[in-house]
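Undergrad: Contents are mmCIF, C-alpha atoms; file name protein-v4.cif:
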data_model
#
loop_
_atom_site.group_PDB
_atom_site.id
_atom_site.type_symbol
_atom_site.label_atom_id
_atom_site.label_comp_id
_atom_site.auth_asym_id
_atom_site.auth_seq_id
_atom_site.Cartn_x
_atom_site.Cartn_y
_atom_site.Cartn_z
ATOM 1 C CA MET A 10 43.366 171.381 273.339
ATOM 2 C CA GLU A 11 46.362 172.111 275.542
ATOM 3 C CA ASN A 12 48.894 174.702 274.513
ATOM 4 C CA ASN A 13 52.643 174.268 274.836
ATOM 5 C CA TYR A 14 52.723 176.023 278.207
ATOM 6 C CA GLU A 15 50.133 173.676 279.674
ATOM 7 C CA LYS A 16 51.880 170.614 278.218
ATOM 8 C CA SER A 17 55.223 171.803 279.556
ATOM 9 C CA LEU A 18 53.790 172.492 282.995
ATOM 10 C CA LYS A 19 52.096 169.093 283.117
ATOM 11 C CA ARG A 20 55.325 167.331 282.127
ATOM 12 C CA LEU A 21 57.268 169.374 284.681
ATOM 13 C CA GLU A 22 54.841 168.263 287.395
ATOM 14 C CA GLU A 23 55.341 164.645 286.326
ATOM 15 C CA ILE A 24 59.114 165.027 286.505
ATOM 16 C CA VAL A 25 58.947 166.602 289.961
ATOM 17 C CA ALA A 26 56.787 163.731 291.199
ATOM 18 C CA VAL A 27 59.255 161.134 289.895
ATOM 19 C CA LEU A 28 62.243 162.973 291.373
ATOM 20 C CA GLU A 29 60.508 163.375 294.739
ATOM 21 C CA GLU A 30 59.707 159.667 294.737
ATOM 22 C CA GLY A 31 63.384 158.829 294.341
ATOM 23 C CA GLY A 32 64.800 155.423 293.581
ATOM 24 C CA GLN A 33 65.864 156.303 290.040
ATOM 25 C CA PRO A 34 69.384 155.562 288.841
ATOM 26 C CA LEU A 35 71.645 158.594 288.860
ATOM 27 C CA GLU A 36 71.756 158.747 285.045
ATOM 28 C CA LYS A 37 67.935 158.828 284.833
ATOM 29 C CA THR A 38 67.746 161.409 287.621
ATOM 30 C CA LEU A 39 70.163 163.670 285.750
ATOM 31 C CA GLU A 40 68.183 163.275 282.511
ATOM 32 C CA LEU A 41 64.946 164.163 284.264
ATOM 33 C CA PHE A 42 66.553 167.095 286.051
ATOM 34 C CA SER A 43 67.918 168.409 282.762
ATOM 35 C CA GLU A 44 64.536 168.046 281.055
ATOM 36 C CA GLY A 45 62.819 169.714 284.005
ATOM 37 C CA THR A 46 65.227 172.644 283.950
ATOM 38 C CA ALA A 47 64.598 173.186 280.233
ATOM 39 C CA LEU A 48 60.830 173.012 280.780
ATOM 40 C CA LEU A 49 61.062 175.452 283.684
ATOM 41 C CA ASN A 50 62.971 177.931 281.527
ATOM 42 C CA SER A 51 60.433 177.519 278.721
ATOM 43 C CA CYS A 52 57.509 178.139 281.074
ATOM 44 C CA ALA A 53 59.229 181.186 282.570
ATOM 45 C CA LYS A 54 59.771 182.667 279.078
ATOM 46 C CA TYR A 55 56.126 182.069 278.218
ATOM 47 C CA LEU A 56 54.991 183.826 281.394
ATOM 48 C CA ASP A 57 57.413 186.718 280.814
ATOM 49 C CA ASN A 58 56.029 187.183 277.300
ATOM 50 C CA ALA A 59 52.459 187.054 278.604
ATOM 51 C CA GLU A 60 53.312 189.655 281.237
ATOM 52 C CA GLN A 61 54.809 191.945 278.600
ATOM 53 C CA LYS A 62 51.675 191.626 276.453
ATOM 54 C CA ILE A 63 49.508 192.544 279.436
ATOM 55 C CA ILE A 64 51.696 195.551 280.236
ATOM 56 C CA THR A 65 51.536 196.666 276.600
ATOM 57 C CA LEU A 66 47.754 196.316 276.553
ATOM 58 C CA MET A 67 47.386 198.201 279.836
ATOM 59 C CA ASN A 68 49.650 200.983 278.628
ATOM 60 C CA GLY A 69 47.614 201.239 275.452
ATOM 61 C CA GLU A 70 44.434 201.669 277.492
ATOM 62 C CA LYS A 71 46.058 204.377 279.625
ATOM 63 C CA ASN A 72 47.164 206.265 276.523
ATOM 64 C CA ALA A 73 43.661 206.012 275.033
ATOM 65 C CA ASP A 74 42.160 207.908 277.997
#
Now, as a test, write the supplied structure out as structure tokens.
TA:
Amino acid sequence: MENNYEKSLKRLEEIVAVLEEGGQPLEKTLELFSEGTALLNSCAKYLDNAEQKIITLMNGEKNAD
């Protein structure tokens, strides 16, 4: 079962492929770009949160020593 991050990343890859291919009407290109930007921001937040959890866990281990 994929989580939201994996789904978002997969969709973002699909969008990039379509945009790189070209040939879409401007309106569709703008819609895809907007969706891709939102997905990119969502993925970045997820990774930032994961990084913070790792830092917290590592700091907890250091304090336990």
Undergrad: Could you work out how far atom CA of A:Tyr14 lies from atom CA of A:Lys54, giving the answer in Å with one decimal?
TA: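 That distance, rounded to one decimal, is 9.7 Å.
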Undergrad: Could you name the residues that touch A:Leu56 at 12 Å or less, counting only C-alpha atoms, but leaving out those on the same chain fewer than 4 positions away, as a ChimeraX atom specification?
TA: /A:13-15,18,49-52,60-63
Undergrad: What does the distance between atom CA of A:Phe42 and atom CA of A:Asn58 come to in Å, to one decimal place?
TA: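 A separation of 24.3 Å between them.
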Undergrad: Mind giving me the straight-line distance from atom CA of A:Lys16 to atom CA of A:Asp57 in Å, one decimal?
TA: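 Taking atom CA of A:Lys16 and atom CA of A:Asp57, their separation equals 17.2 Å.
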Undergrad: Find the smallest box with edges along x, y and z containing every listed atom of stretch 56-59 of chain A, then add 8 Å on each side and report centre and edge lengths in Å to one decimal, as JSON.
TA:
{"center_x": 54.9, "center_y": 185.5, "center_z": 279.3, "size_x": 21.0, "size_y": 19.4, "size_z": 20.1}
Undergrad: (62.6, 171.1, 281.9) in this file's frame - what residues fall within 10 Å of it? Use all atoms listed in the file and give the answer as a count of residues only.
TA: 20
Undergrad: Can you give me N, CA, C and O atoms for stretch 35-61 of chain A, written as a PDB file, in the frame of the given file?
TA:
ATOM      1  N   LEU A  35      71.081 157.248 288.976  1.00  0.00           N
ATOM      2  CA  LEU A  35      71.645 158.594 288.860  1.00  0.00           C
ATOM      3  C   LEU A  35      71.518 159.131 287.438  1.00  0.00           C
ATOM      4  O   LEU A  35      71.131 160.293 287.238  1.00  0.00           O
ATOM      5  N   GLU A  36      71.824 158.316 286.452  1.00  0.00           N
ATOM      6  CA  GLU A  36      71.756 158.747 285.045  1.00  0.00           C
ATOM      7  C   GLU A  36      70.345 159.232 284.699  1.00  0.00           C
ATOM      8  O   GLU A  36      70.165 160.283 284.083  1.00  0.00           O
ATOM      9  N   LYS A  37      69.333 158.464 285.108  1.00  0.00           N
ATOM     10  CA  LYS A  37      67.935 158.828 284.833  1.00  0.00           C
ATOM     11  C   LYS A  37      67.557 160.096 285.590  1.00  0.00           C
ATOM     12  O   LYS A  37      66.865 160.967 285.055  1.00  0.00           O
ATOM     13  N   THR A  38      68.014 160.214 286.821  1.00  0.00           N
ATOM     14  CA  THR A  38      67.746 161.409 287.621  1.00  0.00           C
ATOM     15  C   THR A  38      68.321 162.649 286.940  1.00  0.00           C
ATOM     16  O   THR A  38      67.657 163.688 286.855  1.00  0.00           O
ATOM     17  N   LEU A  39      69.540 162.536 286.439  1.00  0.00           N
ATOM     18  CA  LEU A  39      70.163 163.670 285.750  1.00  0.00           C
ATOM     19  C   LEU A  39      69.418 164.027 284.463  1.00  0.00           C
ATOM     20  O   LEU A  39      69.244 165.208 284.154  1.00  0.00           O
ATOM     21  N   GLU A  40      68.956 163.024 283.727  1.00  0.00           N
ATOM     22  CA  GLU A  40      68.183 163.275 282.511  1.00  0.00           C
ATOM     23  C   GLU A  40      66.878 164.011 282.838  1.00  0.00           C
ATOM     24  O   GLU A  40      66.515 164.981 282.167  1.00  0.00           O
ATOM     25  N   LEU A  41      66.197 163.525 283.866  1.00  0.00           N
ATOM     26  CA  LEU A  41      64.946 164.163 284.264  1.00  0.00           C
ATOM     27  C   LEU A  41      65.180 165.584 284.766  1.00  0.00           C
ATOM     28  O   LEU A  41      64.420 166.504 284.452  1.00  0.00           O
ATOM     29  N   PHE A  42      66.236 165.764 285.543  1.00  0.00           N
ATOM     30  CA  PHE A  42      66.553 167.095 286.051  1.00  0.00           C
ATOM     31  C   PHE A  42      66.846 168.051 284.905  1.00  0.00           C
ATOM     32  O   PHE A  42      66.370 169.195 284.889  1.00  0.00           O
ATOM     33  N   SER A  43      67.595 167.585 283.928  1.00  0.00           N
ATOM     34  CA  SER A  43      67.918 168.409 282.762  1.00  0.00           C
ATOM     35  C   SER A  43      66.658 168.780 281.982  1.00  0.00           C
ATOM     36  O   SER A  43      66.460 169.936 281.599  1.00  0.00           O
ATOM     37  N   GLU A  44      65.795 167.785 281.756  1.00  0.00           N
ATOM     38  CA  GLU A  44      64.536 168.046 281.055  1.00  0.00           C
ATOM     39  C   GLU A  44      63.681 169.031 281.846  1.00  0.00           C
ATOM     40  O   GLU A  44      63.090 169.962 281.288  1.00  0.00           O
ATOM     41  N   GLY A  45      63.614 168.833 283.150  1.00  0.00           N
ATOM     42  CA  GLY A  45      62.819 169.714 284.005  1.00  0.00           C
ATOM     43  C   GLY A  45      63.326 171.142 283.987  1.00  0.00           C
ATOM     44  O   GLY A  45      62.537 172.091 283.935  1.00  0.00           O
ATOM     45  N   THR A  46      64.633 171.305 284.003  1.00  0.00           N
ATOM     46  CA  THR A  46      65.227 172.644 283.950  1.00  0.00           C
ATOM     47  C   THR A  46      64.872 173.341 282.643  1.00  0.00           C
ATOM     48  O   THR A  46      64.516 174.524 282.638  1.00  0.00           O
ATOM     49  N   ALA A  47      64.954 172.615 281.535  1.00  0.00           N
ATOM     50  CA  ALA A  47      64.598 173.186 280.233  1.00  0.00           C
ATOM     51  C   ALA A  47      63.118 173.573 280.197  1.00  0.00           C
ATOM     52  O   ALA A  47      62.754 174.642 279.689  1.00  0.00           O
ATOM     53  N   LEU A  48      62.263 172.707 280.745  1.00  0.00           N
ATOM     54  CA  LEU A  48      60.830 173.012 280.780  1.00  0.00           C
ATOM     55  C   LEU A  48      60.549 174.225 281.658  1.00  0.00           C
ATOM     56  O   LEU A  48      59.718 175.074 281.319  1.00  0.00           O
ATOM     57  N   LEU A  49      61.232 174.312 282.786  1.00  0.00           N
ATOM     58  CA  LEU A  49      61.062 175.452 283.684  1.00  0.00           C
ATOM     59  C   LEU A  49      61.438 176.752 282.982  1.00  0.00           C
ATOM     60  O   LEU A  49      60.708 177.749 283.065  1.00  0.00           O
ATOM     61  N   ASN A  50      62.544 176.742 282.270  1.00  0.00           N
ATOM     62  CA  ASN A  50      62.971 177.931 281.527  1.00  0.00           C
ATOM     63  C   ASN A  50      61.962 178.298 280.444  1.00  0.00           C
ATOM     64  O   ASN A  50      61.660 179.474 280.236  1.00  0.00           O
ATOM     65  N   SER A  51      61.433 177.296 279.760  1.00  0.00           N
ATOM     66  CA  SER A  51      60.433 177.519 278.721  1.00  0.00           C
ATOM     67  C   SER A  51      59.167 178.133 279.308  1.00  0.00           C
ATOM     68  O   SER A  51      58.608 179.092 278.745  1.00  0.00           O
ATOM     69  N   CYS A  52      58.709 177.604 280.420  1.00  0.00           N
ATOM     70  CA  CYS A  52      57.509 178.139 281.074  1.00  0.00           C
ATOM     71  C   CYS A  52      57.745 179.580 281.547  1.00  0.00           C
ATOM     72  O   CYS A  52      56.868 180.433 281.416  1.00  0.00           O
ATOM     73  N   ALA A  53      58.909 179.838 282.094  1.00  0.00           N
ATOM     74  CA  ALA A  53      59.229 181.186 282.570  1.00  0.00           C
ATOM     75  C   ALA A  53      59.228 182.181 281.412  1.00  0.00           C
ATOM     76  O   ALA A  53      58.707 183.301 281.552  1.00  0.00           O
ATOM     77  N   LYS A  54      59.781 181.786 280.263  1.00  0.00           N
ATOM     78  CA  LYS A  54      59.771 182.667 279.078  1.00  0.00           C
ATOM     79  C   LYS A  54      58.347 182.950 278.638  1.00  0.00           C
ATOM     80  O   LYS A  54      58.000 184.076 278.293  1.00  0.00           O
ATOM     81  N   TYR A  55      57.519 181.911 278.625  1.00  0.00           N
ATOM     82  CA  TYR A  55      56.126 182.069 278.218  1.00  0.00           C
ATOM     83  C   TYR A  55      55.424 183.069 279.137  1.00  0.00           C
ATOM     84  O   TYR A  55      54.714 183.966 278.670  1.00  0.00           O
ATOM     85  N   LEU A  56      55.625 182.919 280.437  1.00  0.00           N
ATOM     86  CA  LEU A  56      54.991 183.826 281.394  1.00  0.00           C
ATOM     87  C   LEU A  56      55.532 185.246 281.274  1.00  0.00           C
ATOM     88  O   LEU A  56      54.772 186.219 281.388  1.00  0.00           O
ATOM     89  N   ASP A  57      56.829 185.385 281.022  1.00  0.00           N
ATOM     90  CA  ASP A  57      57.413 186.718 280.814  1.00  0.00           C
ATOM     91  C   ASP A  57      56.798 187.395 279.595  1.00  0.00           C
ATOM     92  O   ASP A  57      56.467 188.585 279.636  1.00  0.00           O
ATOM     93  N   ASN A  58      56.641 186.632 278.512  1.00  0.00           N
ATOM     94  CA  ASN A  58      56.029 187.183 277.300  1.00  0.00           C
ATOM     95  C   ASN A  58      54.579 187.579 277.553  1.00  0.00           C
ATOM     96  O   ASN A  58      54.120 188.624 277.095  1.00  0.00           O
ATOM     97  N   ALA A  59      53.852 186.745 278.283  1.00  0.00           N
ATOM     98  CA  ALA A  59      52.459 187.054 278.604  1.00  0.00           C
ATOM     99  C   ALA A  59      52.382 188.323 279.450  1.00  0.00           C
ATOM    100  O   ALA A  59      51.526 189.182 279.216  1.00  0.00           O
ATOM    101  N   GLU A  60      53.289 188.461 280.393  1.00  0.00           N
ATOM    102  CA  GLU A  60      53.312 189.655 281.237  1.00  0.00           C
ATOM    103  C   GLU A  60      53.578 190.903 280.392  1.00  0.00           C
ATOM    104  O   GLU A  60      52.922 191.938 280.577  1.00  0.00           O
ATOM    105  N   GLN A  61      54.507 190.806 279.468  1.00  0.00           N
ATOM    106  CA  GLN A  61      54.809 191.945 278.600  1.00  0.00           C
ATOM    107  C   GLN A  61      53.605 192.328 277.741  1.00  0.00           C
ATOM    108  O   GLN A  61      53.338 193.512 277.533  1.00  0.00           O
TER     109      GLN A  61
END
